[in-house]
Every structure is written in structure tokens, then in C-alpha cells.
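Enquirer: Compact mmCIF, C-alpha atoms, file input39.txt:
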```txt
# COMPACT_ATOMS: atom_id res chain seq x y z
CA PHE X 24 149.45 -69.50 120.65
CA PRO X 25 148.37 -68.41 117.11
CA LEU X 26 147.16 -71.95 116.34
CA LEU X 27 145.23 -72.06 119.62
CA ALA X 28 143.64 -68.71 118.80
CA PHE X 29 142.76 -69.96 115.31
CA PHE X 30 141.11 -73.13 116.63
CA CYS X 31 139.11 -71.07 119.12
CA LEU X 32 138.07 -68.70 116.36
CA THR X 33 137.12 -71.61 114.11
CA ALA X 34 134.92 -73.04 116.85
CA GLY X 35 133.44 -69.59 117.38
CA CYS X 36 132.79 -69.19 113.66
CA MET X 37 131.02 -72.57 113.60
CA ASN X 38 128.78 -71.34 116.41
CA MET X 39 128.22 -68.07 114.59
CA GLN X 40 127.32 -70.03 111.46
CA ASN X 41 124.25 -71.29 113.30
CA TYR X 42 122.89 -67.76 112.80
CA SER X 43 123.84 -67.75 109.09
CA SER X 44 122.33 -69.77 106.28
CA VAL X 45 125.51 -69.47 104.21
CA THR X 46 127.86 -72.47 104.31
CA GLU X 47 130.22 -71.37 101.54
CA PHE X 48 131.21 -68.39 99.42
CA ILE X 49 132.06 -68.06 95.73
CA LEU X 50 135.26 -66.19 94.90
CA LEU X 51 134.88 -64.22 91.67
CA GLY X 52 138.64 -64.08 91.10
CA ILE X 53 140.54 -61.27 89.38
CA PRO X 54 138.22 -59.07 87.28
CA ASN X 55 138.73 -58.98 83.51
CA SER X 56 141.03 -62.02 83.55
CA GLU X 57 138.87 -64.37 81.45
CA GLY X 58 141.00 -66.38 79.03
CA LEU X 59 144.22 -65.50 80.89
CA GLU X 60 144.00 -68.29 83.48
CA ASN X 61 146.94 -70.33 82.14
CA MET X 62 149.22 -67.32 81.86
CA LEU X 63 148.27 -66.08 85.33
CA PHE X 64 148.83 -69.55 86.79
CA VAL X 65 152.37 -69.73 85.39
CA LEU X 66 153.11 -66.16 86.51
CA PHE X 67 151.77 -66.60 90.05
CA LEU X 68 153.44 -70.00 90.41
CA ALA X 69 156.79 -68.48 89.43
CA PHE X 70 156.43 -65.66 91.96
CA TYR X 71 155.27 -68.07 94.67
CA LEU X 72 158.19 -70.47 94.15
CA LEU X 73 160.60 -67.51 94.06
CA THR X 74 159.12 -66.32 97.35
CA LEU X 75 159.43 -69.71 99.04
CA LEU X 76 162.94 -70.49 97.81
CA GLY X 77 164.33 -66.98 98.26
CA ASN X 78 163.04 -66.44 101.79
CA LEU X 79 163.92 -69.99 102.86
CA LEU X 80 167.47 -69.40 101.57
CA ILE X 81 167.72 -66.13 103.54
CA PHE X 82 166.47 -67.87 106.71
CA LEU X 83 168.90 -70.79 106.36
CA ILE X 84 171.87 -68.50 105.63
CA ILE X 85 171.16 -66.49 108.79
CA LEU X 86 170.71 -69.71 110.75
CA VAL X 87 174.03 -71.32 109.72
CA SER X 88 176.24 -68.18 109.50
CA SER X 89 177.61 -67.27 112.93
CA ASN X 90 178.59 -63.76 111.77
CA LEU X 91 174.89 -63.05 111.09
CA HIS X 92 173.78 -63.94 114.62
CA THR X 93 173.04 -60.31 115.51
CA PRO X 94 169.74 -58.55 116.36
CA MET X 95 169.43 -57.07 112.86
CA TYR X 96 169.64 -60.47 111.16
CA PHE X 97 167.57 -62.14 113.86
CA PHE X 98 164.68 -59.86 112.87
CA LEU X 99 165.47 -60.34 109.17
CA GLY X 100 165.20 -64.11 109.68
CA ASN X 101 161.76 -63.60 111.22
CA LEU X 102 160.77 -61.41 108.27
CA ALA X 103 161.86 -64.15 105.86
CA MET X 104 159.63 -66.67 107.65
CA PHE X 105 156.64 -64.30 107.56
CA ASP X 106 157.23 -63.74 103.83
CA ILE X 107 156.91 -67.51 103.39
CA PHE X 108 153.68 -67.76 105.38
CA PHE X 109 151.95 -64.56 104.17
CA PRO X 110 151.53 -65.40 100.45
CA SER X 111 150.60 -68.97 101.43
CA VAL X 112 147.31 -67.66 102.84
CA SER X 113 145.81 -67.05 99.39
CA SER X 114 148.24 -68.13 96.64
CA PRO X 115 147.88 -71.96 96.70
CA LYS X 116 144.08 -71.86 96.62
CA MET X 117 144.05 -69.21 93.93
CA MET X 118 146.37 -71.29 91.74
CA LEU X 119 144.07 -74.30 92.18
CA TYR X 120 141.18 -72.14 90.97
CA LEU X 121 143.22 -71.05 87.94
CA MET X 122 143.78 -74.73 87.12
CA GLY X 123 140.03 -75.17 86.78
CA GLN X 124 138.89 -76.19 90.24
CA SER X 125 135.75 -74.74 91.84
CA TRP X 126 135.92 -71.14 93.02
CA THR X 127 133.92 -71.97 96.14
CA ILE X 128 135.38 -71.61 99.63
CA SER X 129 133.77 -72.84 102.84
CA TYR X 130 132.51 -70.52 105.57
CA GLN X 131 135.33 -71.71 107.88
CA GLY X 132 137.87 -71.44 105.04
CA CYS X 133 136.89 -67.83 104.43
CA ALA X 134 137.20 -67.08 108.16
CA SER X 135 140.65 -68.71 108.28
CA GLN X 136 141.85 -66.63 105.32
CA ILE X 137 140.81 -63.39 107.02
CA PHE X 138 142.36 -64.46 110.34
CA PHE X 139 145.74 -65.55 108.95
CA TYR X 140 145.91 -62.67 106.46
CA HIS X 141 145.53 -60.06 109.19
CA PHE X 142 147.45 -62.04 111.81
CA LEU X 143 150.49 -62.30 109.53
CA GLY X 144 149.99 -58.82 108.05
CA GLY X 145 149.75 -57.27 111.52
CA THR X 146 152.79 -59.23 112.71
CA GLU X 147 154.82 -58.04 109.74
CA CYS X 148 153.69 -54.47 110.39
CA PHE X 149 154.90 -54.71 114.00
CA LEU X 150 158.12 -56.41 112.88
CA TYR X 151 159.01 -53.58 110.50
CA THR X 152 158.53 -51.19 113.43
CA VAL X 153 160.86 -53.27 115.61
CA MET X 154 163.45 -53.41 112.81
CA ALA X 155 163.33 -49.61 112.50
CA TYR X 156 163.90 -49.31 116.27
CA ASP X 157 166.85 -51.71 115.97
CA ARG X 158 168.43 -49.49 113.28
CA PHE X 159 167.74 -46.40 115.44
CA VAL X 160 169.59 -47.90 118.42
CA ALA X 161 172.46 -49.15 116.22
CA ILE X 162 173.06 -45.79 114.55
CA CYS X 163 172.07 -43.29 117.26
CA HIS X 164 173.38 -45.22 120.29
CA PRO X 165 176.13 -47.49 118.89
CA LEU X 166 178.07 -47.82 122.16
CA GLN X 167 174.96 -49.05 124.01
CA TYR X 168 173.62 -51.19 121.17
CA THR X 169 174.60 -54.61 122.51
CA VAL X 170 173.30 -53.69 125.98
CA ILE X 171 169.94 -52.35 124.77
CA MET X 172 169.32 -54.98 122.07
CA ASN X 173 170.31 -58.00 124.14
CA HIS X 174 168.96 -61.51 123.59
CA ARG X 175 166.11 -61.12 126.08
CA VAL X 176 164.93 -57.85 124.52
CA CYS X 177 165.08 -59.26 120.96
CA THR X 178 163.15 -62.36 122.02
CA GLY X 179 160.56 -60.26 123.86
CA LEU X 180 160.09 -57.90 120.92
CA THR X 181 159.68 -60.82 118.50
CA LEU X 182 157.20 -62.56 120.79
CA GLY X 183 155.34 -59.26 121.10
CA THR X 184 155.00 -58.98 117.31
CA TRP X 185 153.51 -62.49 117.16
CA LEU X 186 151.06 -61.88 120.02
CA GLY X 187 150.14 -58.42 118.71
CA GLY X 188 149.47 -59.79 115.23
CA CYS X 189 147.44 -62.67 116.66
CA LEU X 190 145.29 -60.29 118.71
CA HIS X 191 144.84 -58.02 115.68
CA GLY X 192 143.72 -60.91 113.46
CA SER X 193 141.44 -62.36 116.15
CA ILE X 194 139.60 -59.07 116.71
CA LEU X 195 139.02 -58.49 113.00
CA THR X 196 137.85 -62.05 112.35
CA PHE X 197 135.41 -61.87 115.27
CA LEU X 198 134.01 -58.52 114.06
CA VAL X 199 133.39 -59.86 110.55
CA PHE X 200 131.95 -63.27 111.41
CA LYS X 201 129.76 -62.31 114.34
CA LEU X 202 127.41 -61.00 111.66
CA SER X 203 124.77 -63.13 109.93
CA TYR X 204 125.25 -64.15 106.28
CA CYS X 205 122.22 -65.32 104.31
CA GLY X 206 123.16 -64.34 100.74
CA PRO X 207 124.46 -63.18 98.32
CA ILE X 208 127.61 -65.33 98.51
CA GLU X 209 129.77 -63.87 95.69
CA VAL X 210 133.05 -62.45 97.04
CA ASP X 211 134.35 -59.87 94.58
CA SER X 212 138.01 -60.90 94.86
CA PHE X 213 140.33 -63.91 94.61
CA PHE X 214 140.43 -64.38 98.40
CA CYS X 215 138.43 -63.42 101.48
CA ASP X 216 139.19 -60.06 103.07
CA ILE X 217 137.20 -57.56 105.12
CA PRO X 218 136.30 -55.03 102.36
CA VAL X 219 134.76 -57.73 100.13
CA VAL X 220 133.15 -59.99 102.78
CA LEU X 221 131.46 -57.40 105.03
CA PRO X 222 129.05 -56.13 102.29
CA LEU X 223 127.64 -59.68 102.01
CA ALA X 224 126.23 -59.65 105.56
CA CYS X 225 122.44 -59.51 105.80
CA THR X 226 122.54 -57.43 109.01
CA ASP X 227 123.70 -53.89 109.70
CA THR X 228 127.47 -53.73 109.12
CA SER X 229 128.10 -50.11 110.08
CA LEU X 230 129.49 -50.86 113.55
CA ALA X 231 131.60 -53.81 112.40
CA GLN X 232 132.88 -51.82 109.42
CA THR X 233 133.79 -48.82 111.58
CA LEU X 234 135.52 -50.91 114.25
CA SER X 235 137.40 -53.16 111.82
CA PHE X 236 138.71 -50.36 109.62
CA THR X 237 139.54 -48.27 112.70
CA ASN X 238 141.54 -51.20 114.05
CA VAL X 239 143.45 -51.59 110.77
CA ASP X 240 144.00 -47.82 110.48
CA ILE X 241 145.26 -47.46 114.05
CA VAL X 242 147.70 -50.36 113.75
CA THR X 243 148.97 -49.26 110.32
CA LEU X 244 149.32 -45.55 111.08
CA THR X 245 150.78 -46.05 114.57
CA CYS X 246 153.47 -48.41 113.24
CA PHE X 247 154.15 -46.10 110.31
CA PHE X 248 154.48 -43.08 112.64
CA LEU X 249 156.93 -44.96 114.89
CA ILE X 250 158.96 -46.00 111.85
CA LEU X 251 159.06 -42.39 110.60
CA THR X 252 160.13 -41.23 114.07
CA SER X 253 162.98 -43.78 114.17
CA TYR X 254 164.20 -42.88 110.71
CA GLY X 255 163.84 -39.16 111.39
CA ARG X 256 166.30 -39.56 114.28
CA ILE X 257 168.51 -41.78 112.10
CA PHE X 258 168.71 -39.19 109.30
CA LEU X 259 169.60 -36.46 111.80
CA SER X 260 172.41 -38.63 113.15
CA ILE X 261 173.66 -39.41 109.63
CA LEU X 262 173.77 -35.71 108.76
CA LYS X 263 176.12 -35.13 111.71
CA ILE X 264 178.72 -37.47 110.19
CA SER X 265 181.40 -35.31 108.57
CA SER X 266 182.62 -37.58 105.75
CA PHE X 267 180.52 -38.51 102.73
CA GLU X 268 181.88 -42.06 102.87
CA GLY X 269 180.79 -42.40 106.49
CA ARG X 270 177.28 -41.13 105.71
CA SER X 271 176.96 -43.50 102.75
CA ARG X 272 178.18 -46.50 104.75
CA THR X 273 175.81 -45.75 107.62
CA PHE X 274 172.81 -45.18 105.36
CA SER X 275 173.50 -48.42 103.46
CA THR X 276 172.80 -50.41 106.65
CA CYS X 277 169.14 -49.37 106.57
CA SER X 278 168.45 -48.69 102.86
CA ALA X 279 167.17 -52.23 102.21
CA HIS X 280 164.80 -51.93 105.16
CA LEU X 281 163.47 -48.62 103.83
CA ILE X 282 162.74 -50.16 100.41
CA SER X 283 160.89 -53.08 102.05
CA ILE X 284 158.82 -50.67 104.14
CA LEU X 285 157.75 -48.72 101.06
CA LEU X 286 156.80 -51.93 99.23
CA PHE X 287 154.82 -53.16 102.25
CA TYR X 288 153.03 -49.97 103.32
CA GLY X 289 152.24 -48.71 99.81
CA PRO X 290 149.65 -51.41 98.96
CA VAL X 291 148.33 -51.55 102.56
CA MET X 292 147.53 -47.84 102.57
CA LEU X 293 145.99 -48.01 99.10
CA ILE X 294 143.72 -50.87 100.20
CA TYR X 295 142.58 -49.71 103.64
CA LEU X 296 143.20 -45.95 103.86
CA ARG X 297 141.41 -44.70 100.74
CA PRO X 298 137.83 -44.71 99.41
CA ALA X 299 136.76 -47.81 97.47
CA SER X 300 137.55 -47.76 93.76
CA SER X 301 137.27 -50.28 90.94
CA PRO X 302 137.41 -54.01 91.83
CA TRP X 303 140.07 -54.51 89.14
CA LEU X 304 142.41 -51.93 90.72
CA ASP X 305 141.82 -53.40 94.19
CA SER X 306 142.68 -56.88 92.89
CA VAL X 307 145.88 -55.64 91.24
CA ILE X 308 146.96 -53.96 94.50
CA GLN X 309 146.18 -57.15 96.44
CA VAL X 310 148.23 -59.23 93.98
CA LEU X 311 151.18 -56.87 94.49
CA ASN X 312 150.79 -57.06 98.27
CA ASN X 313 150.18 -60.82 98.51
CA ILE X 314 152.43 -62.27 95.83
CA VAL X 315 154.92 -59.81 94.31
CA THR X 316 156.27 -57.94 97.37
CA PRO X 317 157.21 -61.06 99.43
CA SER X 318 159.21 -62.35 96.45
CA LEU X 319 161.23 -59.12 96.21
CA ASN X 320 162.50 -58.99 99.81
CA PRO X 321 165.16 -61.72 99.31
CA LEU X 322 166.50 -59.84 96.27
CA ILE X 323 166.51 -56.53 98.17
CA TYR X 324 168.34 -57.91 101.20
CA THR X 325 170.91 -59.91 99.20
CA LEU X 326 171.70 -57.38 96.48
CA ARG X 327 172.09 -54.46 98.91
CA ASN X 328 173.72 -56.25 101.85
CA LYS X 329 177.41 -57.16 101.77
CA ASP X 330 177.20 -59.40 104.85
CA VAL X 331 174.39 -61.51 103.40
CA LYS X 332 176.10 -61.75 100.00
CA LEU X 333 179.37 -62.80 101.67
CA ALA X 334 177.58 -65.41 103.81
CA LEU X 335 175.70 -66.68 100.73
CA ARG X 336 178.94 -67.10 98.76
CA LYS X 337 180.54 -68.87 101.74
CA VAL X 338 177.62 -71.30 102.12
CA LEU X 339 177.49 -72.00 98.36
CA SER X 340 181.25 -72.60 98.21
CA GLN X 341 181.00 -75.01 101.15
CA MET X 342 178.18 -76.86 99.40
CA VAL X 343 180.20 -77.10 96.15
CA HIS X 344 183.26 -78.26 98.08
CA SER X 345 181.24 -80.87 99.97
CA SER X 346 179.63 -82.18 96.78
CA GLY X 347 183.04 -82.32 95.10
CA VAL X 348 184.44 -84.37 97.94
```
Starting from the file, lay out its structure as C-alpha cells.
Expert:
Amino acid sequence: FPLLAFFCLTAGCMNMQNYSSVTEFILLGIPNSEGLENMLFVLFLAFYLLTLLGNLLIFLIILVSSNLHTPMYFFLGNLAMFDIFFPSVSSPKMMLYLMGQSWTISYQGCASQIFFYHFLGGTECFLYTVMAYDRFVAICHPLQYTVIMNHRVCTGLTLGTWLGGCLHGSILTFLVFKLSYCGPIEVDSFFCDIPVVLPLACTDTSLAQTLSFTNVDIVTLTCFFLILTSYGRIFLSILKISSFEGRSRTFSTCSAHLISILLFYGPVMLIYLRPASSPWLDSVIQVLNNIVTPSLNPLIYTLRNKDVKLALRKVLSQMVHSSGV
């Protein structure tokens, strides 16, 4: 379904391009980074490879470990896949630019970056909300957990995050590229996104800007409010536990998720829920959101999760044993 939506959007963007004289854009990259291209390339490549390998390892461990076939790890496996796809929207092309290739990007390429960035970002936003609901049911209604979070419900919630993210990305891409672009073509960032592409339109952008940012704000704040509601109920339930050991053990089941939420929502809110500031600061925040945060999730979920660490040791020992044989 996401690929079908993307192909439809691409065809729509090609039709919209008939009303625009622009066929490509020039990405200006990260401000004040002249002379640092080689260092940045090595740094971004290291983070990107860490993201791919770490999240792929998490996904495979959950896939092959029968004791991790629970709703919590089902959603974590989905999160690992999204953390592979999300940085892949902008990182490979940016690293090619840092190697000396042209900083130009086609009209359709720019549209695809905006679509996949907000499709995957919206999906991850919805997924964090679903994961918070899963922890709420597990802690506040433990006896009914397996009944409420059954296979059909988990599959439906996951499918809903995909479809919701796809709809979110489709709406935003349509709003941005229904406008005419006739110059200038310099995008003041290292990838295409709404705040840096909309000002380049040669028609009135007030309606598109209002609708697009309202869409982002509603999705972000609604998900964040639902997550706060879930964790508010969770904290109240934890406080009712009499023993300190019991409270610590219960809280540890959702501490990694809380850290991931802070790392995800912090940059998002700084980018879309505040007045525009310096391009350099915006680029730094985008680098954190696009490259650094996805690489940290595998470390967070392995270092703070006994089940994942135990499954990882078991898989590694089986691999060593197999290679020894």
C-alpha cells in the first residue's frame, strides 16, 4: 500500500510539474561545514552502519527467539525496521554529496524524500503511541493482557500505524507539490523537507503552510498526549505497589521505551513546534533526528532489557557453537 501511494504521488507530482518550470533543486547541505566533508562523511557513515546493523540484529533476535514472541517485542521488531528505513531516506544521498557528487536532486526525488520522511516519521509516531498503550495494558490490566493484546489486535494496530503514516505522508506531499515552483531552487538543508521547500514556491504558500504544519502538529501532539495519558496511568499503578523492588522491576519494563520517546519527540518538537531559528541549528537538530537517534535505539533496548540481552547471548553462543562444529 505505501509503495502504491508513492507511485500515485509520483505520477501526481509529474503532472504538477507541468505547472512548474523547476526540474531539480540544489541542496545547500549543512551550514558552516566547508572543509569538514571528509570528517562528516566518516562520522555519518559510522552512525548509518551502526543503525543498520544494530536494528537488523534486534529484528533478527526477536524473529528467531521464541521467548520474545510477545506483543511488546512484536512492536519493538517493527520499530527496529522503521529505524532502518527512516535514516535511509536522506543519509545515503547526503553521504554521496559529501564524497563530492553534485548537490542537485530532481523534482521527483525531492517529492519522494518528503513523502517517505513523513510517512515513516508519522508511522513511528503512531507506533510509539501503540507501544505505550501496550505497556499500559500490561501493567494496569495484567490479568487481561493476553486477551486484550491478542494476535489480531496487534496485527490491526500495526497495520493501522502503517496506513496512518502513509496517509499522513501523502497529504503533506500533496500540499507541498500542488504549488508551482519557478525559482529559486536552493534548498537550505541537506535534504528536502516542508520548512525548507515551501518558501521556494512562486505562488501563495499561506494555505499550504497552515494546513501542512497543522497536520504535523495535530499528529505529533495527539500521539504525545495519548502517550502521556498511558504513562500517567502506569505511574499511578506503579505507586500502588508496596515494595520498592516491585516498583523498580515494573518501571524497568517501560524505561527503555520512555528514553526512546524523549529522543524521538525532542527533535520533532524543536523542528515543527517552534518559530524558525538559524539554519545551522535546524540542520543540527535534523541530523540528530535522522541519523543519531535511530542508531541509539538498539543500544537502549539491549542495555536496559534483560530478555533481549539473554536472547542475544543465546543466539551468539549458538552461532559460535555452530561455527566451531
Enquirer: Using all atoms listed in the file, which residues sit within 6 Å of region 277-291 of chain X once same-chain residues fewer than 2 positions away are excluded, as JSON, numbers by chain?
Expert: {"X": [274, 275, 293, 294, 308, 312, 323, 324]}
Enquirer: Please work out which residues fall within 9 Å of (124.6, -66.5, 104.2), coordinates as given in the file, with only C-alpha atoms counting, and return them as a list of chain:residue names.
Expert: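 Protein, DNA and RNA residues close to (124.6, -66.5, 104.2): X:Gln40, X:Tyr42, X:Ser43, X:Ser44, X:Val45, X:Thr46, X:Glu47, X:Phe48, X:Tyr130, X:Ser203, X:Tyr204, X:Cys205, X:Gly206, X:Pro207, X:Ile208, X:Leu223, X:Ala224, X:Cys225.
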Enquirer: Excluding region 246-250 of chain X and residues on its chain fewer than 6 positions from it, collect all residues at most 12 Å away from it, counting all atoms listed in the file, and give them as a ChimeraX atom specification.
Expert: /X:145-159,184,187,239-240,256-257,277,280-281,284-285,287-289,291-292
Enquirer: Filtering to C-alpha atoms, could you give me those residues as a PDB file, in the frame of the given file?
Expert:
```pdb
ATOM      1  CA  GLY X 145     149.750 -57.270 111.520  1.00  0.00           C
ATOM      2  CA  THR X 146     152.790 -59.230 112.710  1.00  0.00           C
ATOM      3  CA  GLU X 147     154.820 -58.040 109.740  1.00  0.00           C
ATOM      4  CA  CYS X 148     153.690 -54.470 110.390  1.00  0.00           C
ATOM      5  CA  PHE X 149     154.900 -54.710 114.000  1.00  0.00           C
ATOM      6  CA  LEU X 150     158.120 -56.410 112.880  1.00  0.00           C
ATOM      7  CA  TYR X 151     159.010 -53.580 110.500  1.00  0.00           C
ATOM      8  CA  THR X 152     158.530 -51.190 113.430  1.00  0.00           C
ATOM      9  CA  VAL X 153     160.860 -53.270 115.610  1.00  0.00           C
ATOM     10  CA  MET X 154     163.450 -53.410 112.810  1.00  0.00           C
ATOM     11  CA  ALA X 155     163.330 -49.610 112.500  1.00  0.00           C
ATOM     12  CA  TYR X 156     163.900 -49.310 116.270  1.00  0.00           C
ATOM     13  CA  ASP X 157     166.850 -51.710 115.970  1.00  0.00           C
ATOM     14  CA  ARG X 158     168.430 -49.490 113.280  1.00  0.00           C
ATOM     15  CA  PHE X 159     167.740 -46.400 115.440  1.00  0.00           C
ATOM     16  CA  THR X 184     155.000 -58.980 117.310  1.00  0.00           C
ATOM     17  CA  GLY X 187     150.140 -58.420 118.710  1.00  0.00           C
ATOM     18  CA  VAL X 239     143.450 -51.590 110.770  1.00  0.00           C
ATOM     19  CA  ASP X 240     144.000 -47.820 110.480  1.00  0.00           C
ATOM     20  CA  ARG X 256     166.300 -39.560 114.280  1.00  0.00           C
ATOM     21  CA  ILE X 257     168.510 -41.780 112.100  1.00  0.00           C
ATOM     22  CA  CYS X 277     169.140 -49.370 106.570  1.00  0.00           C
ATOM     23  CA  HIS X 280     164.800 -51.930 105.160  1.00  0.00           C
ATOM     24  CA  LEU X 281     163.470 -48.620 103.830  1.00  0.00           C
ATOM     25  CA  ILE X 284     158.820 -50.670 104.140  1.00  0.00           C
ATOM     26  CA  LEU X 285     157.750 -48.720 101.060  1.00  0.00           C
ATOM     27  CA  PHE X 287     154.820 -53.160 102.250  1.00  0.00           C
ATOM     28  CA  TYR X 288     153.030 -49.970 103.320  1.00  0.00           C
ATOM     29  CA  GLY X 289     152.240 -48.710  99.810  1.00  0.00           C
ATOM     30  CA  VAL X 291     148.330 -51.550 102.560  1.00  0.00           C
ATOM     31  CA  MET X 292     147.530 -47.840 102.570  1.00  0.00           C
TER      32      MET X 292
END
```
Enquirer: Pick from X:Pro54, X:Pro110, X:Gly100, X:Gly132: nearest to Leu304 (chain X), with all atoms listed in the file counted?
Expert: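 Using all atoms listed in the file, the shortest distance to Leu304 (chain X) belongs to X:Pro54.
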Enquirer: Need to verify the contact set: Thr237 (chain X), 12 Å, only C-alpha atoms, exclusion of same-chain residues closer than 6 positions in sequence. Can you return it as JSON, numbers by chain?
Expert: {"X": [191, 194, 195, 198, 229, 230, 231, 243, 244, 245, 295, 296]}
Enquirer: Between CA of Tyr254 (chain X) and CA of Leu143 (chain X), what distance in Å does the model show, to one decimal?
Expert: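 CA of Leu143 (chain X) lies 23.8 Å from CA of Tyr254 (chain X).
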Enquirer: Point out the residue among X:Lys201, X:His164, X:Lys329, X:Arg175 with the least atom-to-atom distance to Ala134 (chain X), counting only C-alpha atoms.
Expert: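 Counting only C-alpha atoms, the residue closest to Ala134 (chain X) is X:Lys201.
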Enquirer: Would you please work out which residue, of X:Thr169, X:Asn78, X:Thr93, X:Asn101, is nearest to Trp185 (chain X) when using all atoms listed in the file?
Expert: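 Going through X:Thr169, X:Asn78, X:Thr93, X:Asn101 one by one, the smallest distance to Trp185 (chain X) is for X:Asn101.
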Enquirer: What does the distance between CA of Arg270 (chain X) and CA of Cys177 (chain X) come to in Å, to one decimal place?
Expert: 26.6 Å
Enquirer: Between CA of Met117 (chain X) and CA of Phe64 (chain X), what is the distance in Å, rounded to a tenth?
Expert: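 Straight-line distance from CA of Met117 (chain X) to CA of Phe64 (chain X) works out to 8.6 Å.
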Enquirer: Between X:Phe142, X:Met104, X:Cys189, X:Gly255, which one has atoms that come closest to Leu76 (chain X), using only C-alpha atoms?
Expert: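 The shortest atom-to-atom distance to Leu76 (chain X) comes from X:Met104.
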Enquirer: For Ser114 (chain X), which of X:Thr252, X:Thr233, X:Thr181, X:Asn313 is the closest residue, counting all atoms listed in the file?
Expert: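 Selected residue with least distance to Ser114 (chain X): X:Asn313.
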Enquirer: Using all atoms listed in the file, can you tell me which of X:Asn61, X:Thr325, X:Phe82, X:Leu50 comes closest to Lys116 (chain X)?
Expert: X:Leu50
